[in-house]
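Source file run08.tsv; content: TSV, C-alpha atoms.
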chain	number	residue	atom	x	y	z
A	33	MET	CA	96.60	77.95	77.73
A	34	ARG	CA	96.46	77.03	81.40
A	35	LYS	CA	96.72	73.33	82.19
A	36	PRO	CA	93.72	71.61	83.84
A	37	PHE	CA	93.64	72.18	87.59
A	38	SER	CA	94.59	69.31	89.86
A	39	PHE	CA	94.39	70.16	93.53
A	40	ASP	CA	96.58	67.29	94.70
A	41	THR	CA	99.33	67.93	92.14
A	42	THR	CA	99.38	71.68	92.76
A	43	PHE	CA	99.24	71.22	96.53
A	44	GLU	CA	102.19	68.82	96.52
A	45	ALA	CA	104.23	71.27	94.43
A	46	ALA	CA	103.38	74.09	96.85
A	47	ARG	CA	104.14	71.94	99.89
A	48	GLY	CA	107.52	71.02	98.42
A	49	LEU	CA	108.44	74.70	98.12
A	50	ALA	CA	107.00	75.43	101.56
A	51	GLU	CA	109.51	73.01	103.05
A	52	VAL	CA	112.59	74.66	101.51
A	53	LEU	CA	111.67	78.35	101.42
A	54	PRO	CA	112.12	79.11	105.16
A	55	GLY	CA	115.60	77.58	105.08
A	56	ALA	CA	116.51	79.53	101.94
A	57	ALA	CA	115.27	82.74	103.53
A	58	ALA	CA	117.35	82.02	106.64
A	59	ALA	CA	120.45	81.46	104.50
A	60	CYS	CA	119.92	84.81	102.78
A	61	THR	CA	119.44	86.71	106.03
A	62	ALA	CA	122.47	84.95	107.55
A	63	PHE	CA	124.63	86.25	104.71
A	64	ILE	CA	123.32	89.78	105.24
A	65	ASP	CA	124.33	89.50	108.88
A	66	GLU	CA	127.75	88.16	107.89
A	67	PHE	CA	128.26	91.04	105.46
A	68	ALA	CA	127.24	93.57	108.10
A	69	ARG	CA	129.86	92.18	110.51
A	70	GLY	CA	132.78	91.93	108.06
A	71	SER	CA	132.20	92.95	104.45
A	72	THR	CA	135.92	93.27	103.56
A	73	GLU	CA	136.37	89.50	103.77
A	74	ILE	CA	133.73	88.84	101.08
A	75	ASP	CA	135.05	88.86	97.52
A	76	ASP	CA	133.38	89.13	94.11
A	77	GLU	CA	133.24	85.36	93.67
A	78	ARG	CA	131.18	85.12	96.83
A	79	PHE	CA	128.97	87.91	95.54
A	80	LEU	CA	128.13	85.94	92.40
A	81	ALA	CA	127.28	82.83	94.42
A	82	GLU	CA	125.13	84.70	96.91
A	83	ASN	CA	123.42	86.71	94.18
A	84	GLU	CA	122.39	83.44	92.53
A	85	LEU	CA	121.03	82.19	95.86
A	86	PHE	CA	119.06	85.39	96.44
A	87	GLN	CA	117.62	85.37	92.91
A	88	ALA	CA	116.58	81.71	93.28
A	89	PHE	CA	114.82	82.42	96.57
A	90	VAL	CA	112.90	85.36	95.11
A	91	ALA	CA	111.81	83.28	92.10
A	92	ASP	CA	110.79	80.31	94.28
A	93	GLY	CA	108.83	82.57	96.62
A	94	THR	CA	106.93	84.11	93.73
A	95	ASN	CA	106.28	80.68	92.24
A	96	PHE	CA	105.09	79.44	95.62
A	97	THR	CA	102.55	82.23	96.06
A	98	ASP	CA	101.39	81.66	92.47
A	99	LEU	CA	100.76	78.01	93.31
A	100	LEU	CA	98.83	79.10	96.40
A	101	ALA	CA	96.78	81.46	94.24
A	102	GLU	CA	96.01	78.58	91.88
A	103	LEU	CA	94.88	76.50	94.84
A	104	VAL	CA	92.67	79.25	96.25
A	105	SER	CA	91.20	79.97	92.82
A	106	GLY	CA	90.73	76.25	92.16
A	107	LEU	CA	88.83	75.79	95.40
A	108	ASP	CA	86.58	78.65	94.35
A	109	VAL	CA	85.87	76.81	91.08
A	110	LEU	CA	85.12	73.58	92.95
A	111	THR	CA	82.80	75.46	95.30
A	112	VAL	CA	80.81	76.73	92.33
A	113	LYS	CA	80.43	73.17	91.07
A	114	VAL	CA	79.37	71.84	94.46
A	115	SER	CA	76.93	74.70	94.90
A	116	ALA	CA	75.44	74.01	91.48
A	117	ASP	CA	74.98	70.34	92.38
A	118	LEU	CA	73.44	71.24	95.71
A	119	ASP	CA	71.01	73.58	93.98
A	120	GLY	CA	69.40	70.47	92.57
A	121	PHE	CA	68.40	69.46	96.08
A	122	ARG	CA	66.68	72.72	96.92
A	123	GLY	CA	63.51	71.80	95.12
A	124	LEU	CA	61.07	69.10	96.18
A	125	THR	CA	60.71	65.76	94.44
A	126	ALA	CA	57.30	64.49	93.29
A	127	ALA	CA	57.21	62.10	96.24
A	128	GLU	CA	58.00	64.88	98.69
A	129	ARG	CA	55.29	67.11	97.22
A	130	PHE	CA	52.81	64.24	97.52
A	131	ILE	CA	53.71	63.79	101.19
A	132	GLY	CA	53.32	67.52	101.66
A	133	ARG	CA	49.64	67.29	100.79
A	134	PHE	CA	49.15	65.46	104.07
A	135	SER	CA	52.00	66.78	106.29
A	136	ARG	CA	54.35	69.63	105.55
A	137	GLN	CA	56.54	68.62	108.49
A	138	ARG	CA	57.00	65.12	107.06
A	139	MET	CA	57.67	66.64	103.65
A	140	TRP	CA	60.52	68.80	104.95
A	141	ARG	CA	61.92	65.96	107.06
A	142	ARG	CA	62.01	63.78	103.95
A	143	HIS	CA	63.64	66.60	102.00
A	144	GLY	CA	66.20	67.22	104.77
A	145	ALA	CA	67.14	63.55	104.97
A	146	ARG	CA	67.70	63.44	101.21
A	147	VAL	CA	69.93	66.51	101.32
A	148	ARG	CA	71.97	65.18	104.25
A	149	ALA	CA	72.48	61.86	102.46
A	150	ALA	CA	73.68	63.56	99.28
A	151	PRO	CA	77.35	62.87	98.42
A	152	VAL	CA	77.77	66.51	97.44
A	153	VAL	CA	77.64	67.42	101.13
A	154	GLU	CA	80.67	65.21	101.65
A	155	ARG	CA	82.33	67.04	98.76
A	156	LEU	CA	81.66	70.30	100.55
A	157	ARG	CA	83.31	68.98	103.69
A	158	ASP	CA	86.23	67.84	101.54
A	159	LEU	CA	86.58	71.43	100.35
A	160	MET	CA	86.84	72.44	104.00
A	161	TYR	CA	89.72	70.02	104.55
A	162	LYS	CA	91.46	71.36	101.47
A	163	SER	CA	90.83	74.95	102.55
A	164	ASP	CA	92.37	74.19	105.93
A	165	ALA	CA	95.44	72.60	104.31
A	166	VAL	CA	96.00	75.59	102.00
A	167	ALA	CA	95.44	78.03	104.86
A	168	GLY	CA	98.17	76.22	106.80
A	169	LEU	CA	100.67	76.68	103.95
A	170	ILE	CA	99.81	80.36	103.63
A	171	ALA	CA	99.99	81.06	107.38
A	172	ASN	CA	103.29	79.22	107.87
A	173	TYR	CA	105.07	80.93	104.98
A	174	ARG	CA	103.62	84.32	105.91
A	175	ALA	CA	105.06	83.97	109.43
A	176	ALA	CA	108.46	82.88	108.04
A	177	ALA	CA	108.48	85.73	105.51
A	178	ILE	CA	107.63	88.33	108.16
A	179	SER	CA	110.41	87.06	110.43
A	180	ALA	CA	112.96	87.00	107.59
A	181	HIS	CA	111.88	90.46	106.44
A	182	LYS	CA	112.50	91.95	109.89
A	183	VAL	CA	115.99	90.43	110.10
A	184	ALA	CA	116.92	91.37	106.52
A	185	GLU	CA	115.59	94.91	106.83
A	186	ARG	CA	117.43	95.48	110.10
A	187	GLY	CA	120.70	94.27	108.54
A	188	LEU	CA	120.14	96.33	105.41
A	189	VAL	CA	119.54	99.50	107.40
A	190	ASP	CA	122.83	98.94	109.24
A	191	ILE	CA	124.76	98.29	106.02
A	192	VAL	CA	123.27	101.30	104.25
A	193	GLY	CA	124.08	103.47	107.27
A	194	ARG	CA	127.70	102.34	107.18
A	195	ARG	CA	127.95	103.05	103.46
A	196	ARG	CA	126.58	106.56	103.99
A	197	ARG	CA	129.26	107.19	106.58
A	198	LEU	CA	131.83	105.88	104.09
A	199	VAL	CA	130.51	108.28	101.44
A	200	ASP	CA	130.84	111.13	103.95
A	201	GLU	CA	134.46	110.10	104.59
A	202	ILE	CA	135.09	110.11	100.84
A	203	ASP	CA	133.69	113.63	100.54
A	204	ILE	CA	135.88	114.81	103.41
A	205	ALA	CA	138.93	113.18	101.80
A	206	ARG	CA	138.24	114.92	98.50
A	207	LEU	CA	137.97	118.28	100.21
A	208	ARG	CA	141.25	117.62	102.03
A	209	ILE	CA	142.98	116.67	98.76
A	210	LYS	CA	141.81	119.90	97.13
A	211	GLU	CA	143.04	121.85	100.14
A	212	LEU	CA	146.48	120.20	100.11
A	213	ASN	CA	146.91	120.61	96.36
A	214	ALA	CA	145.99	124.28	96.64
A	215	LYS	CA	148.58	124.80	99.40
A	216	ALA	CA	151.22	122.94	97.39
A	217	LEU	CA	150.51	125.11	94.38
A	218	THR	CA	150.72	128.27	96.48
A	219	THR	CA	154.02	127.12	97.96
A	220	GLN	CA	155.40	126.38	94.50
A	221	GLY	CA	154.51	129.92	93.40
A	222	ARG	CA	156.32	131.44	96.36
A	223	ILE	CA	159.56	129.55	95.75
A	224	GLY	CA	160.59	131.79	92.89
A	225	LEU	CA	160.27	134.91	95.07
A	226	TYR	CA	163.09	133.96	97.40
A	227	GLY	CA	166.75	133.86	96.37
A	228	SER	CA	168.12	132.02	99.35
A	229	LYS	CA	168.76	128.37	98.60
A	230	VAL	CA	167.99	127.44	102.20
A	231	GLU	CA	164.61	129.12	102.00
A	232	TRP	CA	163.99	127.59	98.58
A	233	ASP	CA	164.86	124.11	99.88
A	234	GLY	CA	162.55	124.58	102.89
A	235	MET	CA	159.60	125.59	100.76
A	236	GLU	CA	160.29	122.82	98.27
A	237	GLN	CA	160.30	120.32	101.11
A	238	ALA	CA	157.00	121.74	102.40
A	239	ARG	CA	155.51	121.51	98.93
A	240	HIS	CA	156.73	117.93	98.59
A	241	THR	CA	155.22	117.00	101.95
A	242	LEU	CA	151.89	118.50	100.96
A	243	LYS	CA	151.86	116.56	97.68
A	244	GLU	CA	152.72	113.30	99.45
A	245	GLU	CA	149.91	113.82	101.94
A	246	ALA	CA	147.52	114.62	99.10
A	247	GLU	CA	148.57	111.46	97.25
A	248	ARG	CA	148.18	109.35	100.39
A	249	ILE	CA	144.69	110.65	101.02
A	250	SER	CA	143.89	110.24	97.32
A	251	ALA	CA	144.87	106.57	97.52
A	252	GLN	CA	142.64	106.16	100.59
A	253	GLU	CA	139.83	107.94	98.77
A	254	HIS	CA	140.21	105.56	95.83
A	255	GLU	CA	140.04	102.54	98.12
A	256	MET	CA	137.00	103.92	99.91
A	257	ARG	CA	135.30	104.66	96.58
A	258	GLU	CA	135.87	101.09	95.42
A	259	GLU	CA	134.58	99.77	98.73
A	260	SER	CA	131.52	102.01	98.44
A	261	GLN	CA	130.78	100.72	94.93
A	262	ARG	CA	131.26	97.14	96.09
A	263	ARG	CA	128.90	97.68	99.02
A	264	GLU	CA	126.37	99.21	96.64
A	265	ARG	CA	126.30	96.00	94.60
A	266	PHE	CA	125.59	93.93	97.70
A	267	ILE	CA	123.02	96.44	98.93
A	268	GLY	CA	121.21	95.92	95.62
A	269	ILE	CA	120.65	92.21	96.19
A	270	PHE	CA	119.83	92.80	99.86
A	271	GLN	CA	117.20	95.37	98.87
A	272	LEU	CA	115.79	92.89	96.35
A	273	LEU	CA	115.34	90.35	99.14
A	274	VAL	CA	113.68	92.84	101.49
A	275	ASP	CA	111.30	94.09	98.79
A	276	SER	CA	110.47	90.55	97.68
A	277	LEU	CA	109.76	89.35	101.22
A	278	ASN	CA	107.51	92.35	101.73
A	279	GLY	CA	105.75	91.52	98.47
A	280	HIS	CA	105.35	87.88	99.48
A	281	VAL	CA	103.74	88.93	102.77
A	282	GLY	CA	101.34	91.17	100.85
A	283	ARG	CA	100.48	88.30	98.53
A	284	CYS	CA	99.89	85.99	101.49
A	285	ASN	CA	97.59	88.61	103.05
A	286	ALA	CA	95.49	88.75	99.86
A	287	LEU	CA	95.43	84.96	99.64
A	288	MET	CA	94.40	84.48	103.25
A	289	ARG	CA	91.75	87.18	103.04
A	290	LYS	CA	90.14	85.57	100.00
A	291	LEU	CA	90.47	82.04	101.33
A	292	THR	CA	88.89	83.04	104.65
A	293	ILE	CA	85.91	84.70	103.00
A	294	ASP	CA	85.53	81.85	100.52
A	295	THR	CA	85.59	79.49	103.50
A	296	GLU	CA	82.81	81.48	105.18
A	297	GLU	CA	80.87	81.16	101.95
A	298	ARG	CA	81.37	77.39	101.92
A	299	LEU	CA	80.20	77.26	105.53
A	300	LEU	CA	77.05	79.16	104.62
A	301	ILE	CA	76.37	76.69	101.82
A	302	TYR	CA	76.92	73.83	104.25
A	303	GLU	CA	74.63	75.41	106.83
A	304	ALA	CA	71.96	76.03	104.19
A	305	GLN	CA	72.02	72.40	103.05
A	306	VAL	CA	72.44	70.59	106.37
A	307	ASP	CA	70.15	70.92	109.35
A	308	THR	CA	72.75	72.08	111.86
A	309	ASP	CA	70.24	71.82	114.71
A	310	ILE	CA	70.54	68.05	114.53
A	311	PRO	CA	72.94	66.85	117.28
A	312	GLY	CA	76.39	66.12	115.88
A	313	SER	CA	75.94	67.90	112.57
A	314	LYS	CA	78.02	70.94	113.54
A	315	VAL	CA	80.70	68.77	115.12
A	316	GLN	CA	81.61	67.69	111.60
A	317	ILE	CA	82.76	71.30	111.05
A	318	SER	CA	84.81	72.35	114.10
A	319	THR	CA	87.96	74.27	115.03
A	320	GLU	CA	89.53	71.01	116.17
A	321	LEU	CA	89.13	69.51	112.70
A	322	PHE	CA	90.08	72.69	110.86
A	323	PRO	CA	92.53	74.68	113.05
A	324	ASN	CA	93.92	76.81	110.21
A	325	ILE	CA	90.53	78.29	109.37
A	326	ALA	CA	89.40	78.51	112.99
A	327	ASP	CA	88.24	82.14	112.78
A	328	ALA	CA	85.64	81.31	110.15
A	329	ILE	CA	84.61	78.16	112.05
A	330	VAL	CA	84.03	80.16	115.24
A	331	LEU	CA	81.64	82.46	113.38
A	332	PHE	CA	79.90	79.39	111.98
A	333	GLU	CA	79.56	77.80	115.42
A	334	ARG	CA	78.09	81.02	116.81
A	335	ASN	CA	75.65	81.46	113.90
A	336	MET	CA	77.32	84.78	113.05
A	337	LEU	CA	77.80	84.24	109.30
A	338	LEU	CA	75.52	86.63	107.40
A	339	PRO	CA	75.03	86.16	103.63
A	340	LEU	CA	74.33	89.80	102.82
A	341	GLU	CA	77.30	91.06	104.83
A	342	LEU	CA	79.55	88.47	103.22
A	343	GLU	CA	78.84	89.55	99.64
A	344	GLN	CA	80.48	92.98	99.96
A	345	ARG	CA	83.53	91.59	101.73
A	346	LYS	CA	83.88	88.90	99.10
A	347	ARG	CA	83.88	91.43	96.28
A	348	THR	CA	86.57	93.45	98.05
A	349	ALA	CA	88.71	90.36	98.71
A	350	ASP	CA	88.31	89.15	95.13
A	351	ALA	CA	89.35	92.56	93.78
A	352	ALA	CA	92.53	92.51	95.90
A	353	PHE	CA	93.22	88.91	94.84
A	354	ASP	CA	92.69	89.69	91.15
A	355	LYS	CA	95.05	92.66	91.38
A	356	LYS	CA	97.91	90.58	92.77
A	357	PHE	CA	97.15	87.38	90.82
A	358	SER	CA	95.73	88.51	87.51
A	359	ALA	CA	96.50	85.13	85.91
A	360	PHE	CA	93.93	83.53	88.22
A	361	ALA	CA	91.33	86.29	88.15
A	362	HIS	CA	87.72	85.37	87.40
A	363	LYS	CA	85.45	87.76	85.55
A	364	GLY	CA	81.74	87.78	85.08
A	365	GLU	CA	78.71	86.92	87.18
A	366	GLY	CA	78.10	83.26	87.85
A	367	GLU	CA	81.80	82.46	87.63
A	368	PRO	CA	84.14	81.77	90.54
A	369	GLY	CA	84.62	85.00	92.42
A	370	ALA	CA	80.99	86.09	92.24
A	371	PRO	CA	79.00	85.63	95.46
A	372	LEU	CA	77.31	82.23	95.61
A	373	ILE	CA	75.21	83.02	98.62
A	374	ASP	CA	72.42	85.26	97.37
A	375	THR	CA	69.33	85.11	99.52
A	376	THR	CA	67.20	86.51	96.72
A	377	LYS	CA	67.92	83.40	94.64
A	378	ILE	CA	67.03	80.87	97.35
A	379	SER	CA	63.54	79.50	96.74
A	380	SER	CA	60.81	80.58	99.13
A	381	ARG	CA	60.20	76.95	100.08
A	382	PHE	CA	63.83	76.46	101.01
A	383	ARG	CA	63.98	79.78	102.86
A	384	PHE	CA	60.86	78.75	104.78
A	385	ARG	CA	62.63	75.60	105.95
A	386	LEU	CA	65.55	77.68	107.20
A	387	GLN	CA	63.24	80.03	109.11
A	388	ARG	CA	61.54	77.11	110.84
A	389	ARG	CA	64.71	76.23	112.77

What do you get writing this file as structure tokens?
Amino acid sequence: MRKPFSFDTTFEAARGLAEVLPGAAAACTAFIDEFARGSTEIDDERFLAENELFQAFVADGTNFTDLLAELVSGLDVLTVKVSADLDGFRGLTAAERFIGRFSRQRMWRRHGARVRAAPVVERLRDLMYKSDAVAGLIANYRAAAISAHKVAERGLVDIVGRRRRLVDEIDIARLRIKELNAKALTTQGRIGLYGSKVEWDGMEQARHTLKEEAERISAQEHEMREESQRRERFIGIFQLLVDSLNGHVGRCNALMRKLTIDTEERLLIYEAQVDTDIPGSKVQISTELFPNIADAIVLFERNMLLPLELEQRKRTADAAFDKKFSAFAHKGEGEPGAPLIDTTKISSRFRFRLQRR
């Protein structure tokens, strides 16, 4: 059973990992570079230590993106709650309806003032601050992961290329050994055909030389085979790092895509509840205040957020999020993940107020 969600606790845990992960990634890529420059100086004891470091980084990176997913999902849950509370302000009170008998303009002004004074609007702005903070964690780690992935992949390609050349040298050595052994065997068969001791001694010496050369190359082949196997072990942990970094970037992409669209949804809710034509109202939601979600804010400032267009993109983003973070997936209409902005569910009176702007 999942523990109750606490944004602050989860965020602090994620921020703690965000501070150490870039350094851990740099340490891993530095070792790959060191191995590429001089692998023979690295022994098995070092392998065990580095393997532990690599495994810890992969686990921490996965845990970090899981924490980010919990934050993104949690903000979605909080948005549902805020939206539900704001729904209570869409209708008119008895006093507002009474005023409307004499002046519809005064009625809507009274309604607008009540909505703007509602504490739930402040909660919505708080969600924007939290969205911006989470977006910053995602963006920073994504950039670090992309950079580390490029360095690690470049080093891995070089190391794998060198191992392939080593394997080719091993194959050539084996062919040479077979050739020398065959010549030595042929020479041994010819010795018995000649009676002269001088000739016999010469062929025996030739056979002995061939065998020595075969043994020397065989020893080299054995050393190269051991080195190839040792490199293969290191390549395994290097490949794990490269694949994990690539996976972390993919997870960050899904997180950022969902968070961005959820942020647009929160902005639409804010715009629907607050008269943004009033001077200063939009300043409370600006790129200066929320730099990490600036793209969504720009659309908001330009009045380019469209509820109907958002719904399809949200479903797509939620599907990608659920695929990568099934533990935090939401299922069913009316739950987090389902579009909150549905123009068909906004009352005609409230929609009329929006059209009057």

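Nearest to A:Gly48 of all the residues A:Leu338, A:Leu124, A:Leu156, A:Leu99 is A:Leu99, based on all atoms listed in the file.
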
**Prompt:** Which neighbours of stretch 328-331 of chain A fall inside 12 Å, counting all atoms listed in the file, when residues of the same chain fewer than 4 positions from it are skipped, and could you give them as a PyMOL selection string?
**Reply:** chain A and resi 160+163-164+167+288-300+302-303+314-324+335-338+342

**Prompt:** Which residue, A:Arg157, A:Arg69, A:Arg262, A:Arg174, has the smallest gap to A:Ile301 when you use only C-alpha atoms?
**Reply:**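 With only C-alpha atoms as the atom set, the closest residue is A:Arg157.
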
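Distances to A:Gly268 were evaluated for A:Asn172, A:Thr41, A:Gln87, A:Ser179 using only C-alpha atoms, and the minimum falls at A:Gln87.
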
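The two atoms in question, atom CA of A:Leu110 and atom CA of A:Leu159, are spaced 7.8 Å apart.
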
**Request:** Check the smallest atom-to-atom distance from each of A:His280, A:Lys346, A:Lys210, A:Arg186 to A:Val90 using all atoms listed in the file, then report the winner.
**Result:**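 Distance minimum relative to A:Val90 lands on A:His280.
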
**Request:** Find the residue from A:Tyr161, A:Trp140, A:Phe89, A:Phe43 that sits nearest to A:Val274; use only C-alpha atoms when measuring.
**Result:**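 Smallest distance to A:Val274 is found for A:Phe89.
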
Which residues are close to A:Glu185, i.e. within 10 Å by all atoms listed in the file, leaving aside same-chain residues fewer than 3 positions away? Reply as a PDB file with C-alpha atoms, in the frame of the given file.
ATOM      1  CA  THR A  61     119.440  86.710 106.030  1.00  0.00           C
ATOM      2  CA  ILE A  64     123.320  89.780 105.240  1.00  0.00           C
ATOM      3  CA  ALA A 180     112.960  87.000 107.590  1.00  0.00           C
ATOM      4  CA  HIS A 181     111.880  90.460 106.440  1.00  0.00           C
ATOM      5  CA  LYS A 182     112.500  91.950 109.890  1.00  0.00           C
ATOM      6  CA  LEU A 188     120.140  96.330 105.410  1.00  0.00           C
ATOM      7  CA  VAL A 189     119.540  99.500 107.400  1.00  0.00           C
ATOM      8  CA  ASP A 190     122.830  98.940 109.240  1.00  0.00           C
ATOM      9  CA  ILE A 191     124.760  98.290 106.020  1.00  0.00           C
ATOM     10  CA  PHE A 270     119.830  92.800  99.860  1.00  0.00           C
ATOM     11  CA  GLN A 271     117.200  95.370  98.870  1.00  0.00           C
ATOM     12  CA  LEU A 273     115.340  90.350  99.140  1.00  0.00           C
ATOM     13  CA  VAL A 274     113.680  92.840 101.490  1.00  0.00           C
ATOM     14  CA  ASP A 275     111.300  94.090  98.790  1.00  0.00           C
ATOM     15  CA  LEU A 277     109.760  89.350 101.220  1.00  0.00           C
ATOM     16  CA  ASN A 278     107.510  92.350 101.730  1.00  0.00           C
TER      17      ASN A 278
END

Grab all the atoms of stretch 62-68 of chain A that the file lists, wrap them in a box along x, y and z, add 6 Å per side, and give me centre plus edge lengths in Å (one decimal) as JSON.
{"center_x": 125.4, "center_y": 89.3, "center_z": 106.8, "size_x": 17.8, "size_y": 20.6, "size_z": 16.2}

**Message:** Can you measure atom CA of A:Leu340 to atom CA of A:Ala304 for me? One decimal in Å is fine.
**Reply:**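 A separation of 14.0 Å between them.
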
Show me, as a CSV table (one decimal) with C-alpha atoms, in the frame of the given file, the residues that have an atom within 12 Å of A:Phe37 when counting all atoms listed in the file, minus same-chain residues fewer than 4 positions from it.
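Everything below was put into result_21.csv:
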chain,number,residue,atom,x,y,z
A,33,MET,CA,96.6,78.0,77.7
A,41,THR,CA,99.3,67.9,92.1
A,42,THR,CA,99.4,71.7,92.8
A,43,PHE,CA,99.2,71.2,96.5
A,99,LEU,CA,100.8,78.0,93.3
A,101,ALA,CA,96.8,81.5,94.2
A,102,GLU,CA,96.0,78.6,91.9
A,103,LEU,CA,94.9,76.5,94.8
A,104,VAL,CA,92.7,79.2,96.2
A,105,SER,CA,91.2,80.0,92.8
A,106,GLY,CA,90.7,76.2,92.2
A,107,LEU,CA,88.8,75.8,95.4
A,108,ASP,CA,86.6,78.6,94.4
A,109,VAL,CA,85.9,76.8,91.1
A,110,LEU,CA,85.1,73.6,93.0
A,360,PHE,CA,93.9,83.5,88.2

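The space separating atom CA of A:Leu53 from atom CA of A:Asn285 comes to 17.5 Å.
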
**Request:** Using only C-alpha atoms, determine which residues lie at most 12 Å from A:Ala126, disregarding the query and same-chain residues fewer than 4 positions distant; provide the list as a list in words.
**Result:** Phe130, Ile131, Gly132, Arg133, Met139, Arg142 and His143 of chain A

**For A:Ile170: contacts at 9 Å, only C-alpha atoms, fewer than 5 positions along chain excluded, given as a ChimeraX atom specification** = /A:50,97,100,165,175,284-285,287-288
